[in-house]
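Asks: One structure, as C-alpha cells, below. Some questions next.
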Amino acid sequence: MISGLIHVARSSDPVAIECLADTLSALVAGVAAGLVGDAVIVTADSCSALETMAEGSGATLVVRPMGANPWSAGARAARREWLLCLEPGDIPAEGWIRSLDRFVGTAHPDLLLGRMRRPHTDLPARIAARGERVVGARSPRPGDVVRRERLLAGLPFSPRLKVRMLSARLDRS
C-alpha cells in the first residue's frame, strides 16, 4: 500500500483548493482497489477550506514549519512504506493502479524511486527529466513514488537516486 502526499503551495488560492478536490477524488479509485491506504495534505499555512477538505476526505493535514521540505514533512505523517508525491490538479491516468501496485510489489530493497510520466510543456523541464534518467534525481517531484524511509532521511538525495520510469502517467485537471 501507498500513502498519497499532496503538497498545496498556495492554500489561499481558490483554484488550488478546487484542484486539490480533483486530486483527492482521483485517489478514491486507489483506495477502493486497496492500493492507497491514506492521504496527507501538506501546506505552509492552514486555512479553513483545507481543514474542511482534509476532514471530509479522511486525509491528514500537515502544516509544515517555515523552510521545511514539504515532502519530508508529509512523510512524517504518512503511514505506508511508499509515498506518491502529488500536487493539486494531478490526476493519475487510467492504468495507474495496476502500474503502481506492480512497482511497489516487485521493487527490490535498493530501489527507492519510481517516476510517473508527466506532460512537460516547456523545453527545460523535458531536458531536466531526461538528464535525471541518466544521472539520477536529487529530490522528488510530483509524480514520484518514493520509499518513506528515504524522505525521512532528508533531502537532497545523496548520492542521486536512480529513477525508474513507470508506465503510469499523470494528467492535469
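Residue names in the C-alpha cells use chain letters A, B, ... in the order shown, residue numbers from 1 in each chain, and ligand numbers from 1 in the order shown.
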Do a neighbour search on Gly58 (chain A) at 12 Å with only C-alpha atoms, toss out local chain neighbours closer than 4 positions, and write the hits as number ranges by chain.

Replies: A: 4, 24-25, 27-28, 31, 37-41, 50-54

Asks: Running DSSP on the backbone, which parts of region 24-82 of chain A land in alpha helix (DSSP H), as a list in words?

Replies: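 The residues of region 24-82 of chain A classed as alpha helix (DSSP H) are Leu24, Ser25, Ala26, Leu27, Val28, Ala29, Gly30, Val31, Ala32, Ser48, Ala49, Leu50, Glu51, Thr52, Met53, Ala54, Glu55, Gly56, Ser57, Pro70, Trp71, Ser72, Ala73, Gly74, Ala75, Arg76 and Ala77 of chain A.
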
Asks: Let me make sure I understand: among A:Val42, A:Ala77, A:Ala49, A:Ala29, which one has the smallest atom-to-atom distance to Trp96 (chain A) if we use only C-alpha atoms?

Replies: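 Looking at the shortest contact to Trp96 (chain A), the residue is A:Ala29.
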
Asks: Residues of region 20-169 of chain A classed as strand (DSSP E or B) by DSSP on the backbone are to be reported as a VMD selection string.

Replies: chain A and resid 36 to 43 60 to 63 82 to 86 90 to 92 113 to 117 137 144 to 147 161 164 to 169

Asks: With distances taken over only C-alpha atoms, which residue among A:Arg130, A:Arg141, A:Arg148, A:Arg117 lies nearest Arg80 (chain A)?

Replies: A:Arg148

Asks: Tell me which protein, DNA and RNA residues are within 10 Å of Ser46 (chain A), counting only C-alpha atoms, leaving out same-chain ones fewer than 2 positions away, and put them as an mmCIF file with N, CA and C atoms, in the first residue's frame.

Replies:
data_model
loop_
_atom_site.group_PDB
_atom_site.id
_atom_site.type_symbol
_atom_site.label_atom_id
_atom_site.label_comp_id
_atom_site.auth_asym_id
_atom_site.auth_seq_id
_atom_site.Cartn_x
_atom_site.Cartn_y
_atom_site.Cartn_z
ATOM 1 N N VAL A 8 0.262 21.412 -1.177
ATOM 2 C CA VAL A 8 -0.505 22.587 -1.596
ATOM 3 C C VAL A 8 0.362 23.810 -1.309
ATOM 4 N N ARG A 10 -0.052 27.034 -2.404
ATOM 5 C CA ARG A 10 -0.801 28.273 -2.143
ATOM 6 C C ARG A 10 -2.182 27.913 -1.599
ATOM 7 N N SER A 11 -2.283 27.796 -0.291
ATOM 8 C CA SER A 11 -3.560 27.387 0.300
ATOM 9 C C SER A 11 -4.615 28.484 0.222
ATOM 10 N N SER A 12 -4.210 29.712 -0.025
ATOM 11 C CA SER A 12 -5.182 30.811 -0.115
ATOM 12 C C SER A 12 -5.797 30.933 -1.518
ATOM 13 N N VAL A 42 -0.108 18.524 2.628
ATOM 14 C CA VAL A 42 0.968 19.306 3.230
ATOM 15 C C VAL A 42 0.872 20.743 2.733
ATOM 16 N N THR A 43 0.924 21.690 3.650
ATOM 17 C CA THR A 43 0.844 23.094 3.285
ATOM 18 C C THR A 43 1.707 23.920 4.225
ATOM 19 N N ALA A 44 2.053 25.130 3.794
ATOM 20 C CA ALA A 44 2.849 26.023 4.639
ATOM 21 C C ALA A 44 1.967 26.784 5.615
ATOM 22 N N SER A 48 -9.247 27.372 6.592
ATOM 23 C CA SER A 48 -10.435 26.600 6.930
ATOM 24 C C SER A 48 -10.873 25.685 5.790
ATOM 25 N N ALA A 49 -10.679 26.107 4.545
ATOM 26 C CA ALA A 49 -11.061 25.267 3.406
ATOM 27 C C ALA A 49 -10.235 23.982 3.375
ATOM 28 N N LEU A 50 -8.940 24.088 3.640
ATOM 29 C CA LEU A 50 -8.087 22.897 3.671
ATOM 30 C C LEU A 50 -8.469 21.985 4.828
ATOM 31 N N GLU A 51 -8.748 22.579 5.992
ATOM 32 C CA GLU A 51 -9.133 21.779 7.148
ATOM 33 C C GLU A 51 -10.428 21.026 6.879
ATOM 34 N N LEU A 61 -3.948 16.579 7.638
ATOM 35 C CA LEU A 61 -3.436 17.891 7.238
ATOM 36 C C LEU A 61 -2.181 18.184 8.041
ATOM 37 N N VAL A 62 -1.088 18.478 7.335
ATOM 38 C CA VAL A 62 0.190 18.795 7.966
ATOM 39 C C VAL A 62 0.571 20.211 7.581
ATOM 40 N N VAL A 63 0.744 21.067 8.579
ATOM 41 C CA VAL A 63 1.248 22.415 8.343
ATOM 42 C C VAL A 63 2.743 22.345 8.621
ATOM 43 N N ARG A 64 3.512 22.462 7.556
ATOM 44 C CA ARG A 64 4.960 22.296 7.692
ATOM 45 C C ARG A 64 5.590 23.557 8.269
#

Asks: Of the candidates A:Pro159, A:Gly136, A:Pro14, A:Pro142, which shows the shortest atom-to-atom distance to Glu87 (chain A), using only C-alpha atoms?

Replies: A:Pro142

Asks: Report the distance between CA of Asp22 (chain A) and CA of Ile91 (chain A) in Å, rounded to one decimal place.

Replies: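 So the answer is 7.3 Å.
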
Asks: I'd like to know which of A:Ile6, A:Leu155, A:Ile97, A:Met1 is closest to Cys85 (chain A), using only C-alpha atoms.

Replies: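 The answer is A:Ile6, which sits nearest to Cys85 (chain A).
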
Asks: With a distance cut-off of 10 Å and only C-alpha atoms, select the neighbouring residues of Glu18 (chain A), excluding the residue or stretch itself and same-chain residues fewer than 2 positions from it, and output the selection as number ranges by chain.

Replies: A: 13-16, 20-23, 49, 88-89, 173

Asks: Any chance you could export the current selection's C-alpha atoms as a CSV table (one decimal), in the first residue's frame?

Replies:
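Writing the result to selection19.csv gives the following:
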chain,number,residue,atom,x,y,z
A,13,ASP,CA,-5.8,30.2,-3.8
A,14,PRO,CA,-9.4,29.0,-4.5
A,15,VAL,CA,-8.2,27.4,-7.8
A,16,ALA,CA,-5.7,25.3,-5.8
A,20,LEU,CA,-7.0,19.6,-4.6
A,21,ALA,CA,-10.5,18.2,-4.6
A,22,ASP,CA,-9.9,16.8,-8.1
A,23,THR,CA,-6.7,15.1,-6.9
A,49,ALA,CA,-11.1,25.3,3.4
A,88,PRO,CA,-3.2,19.9,-6.6
A,89,GLY,CA,-4.6,19.1,-10.0
A,173,SER,CA,-7.1,19.0,-14.2
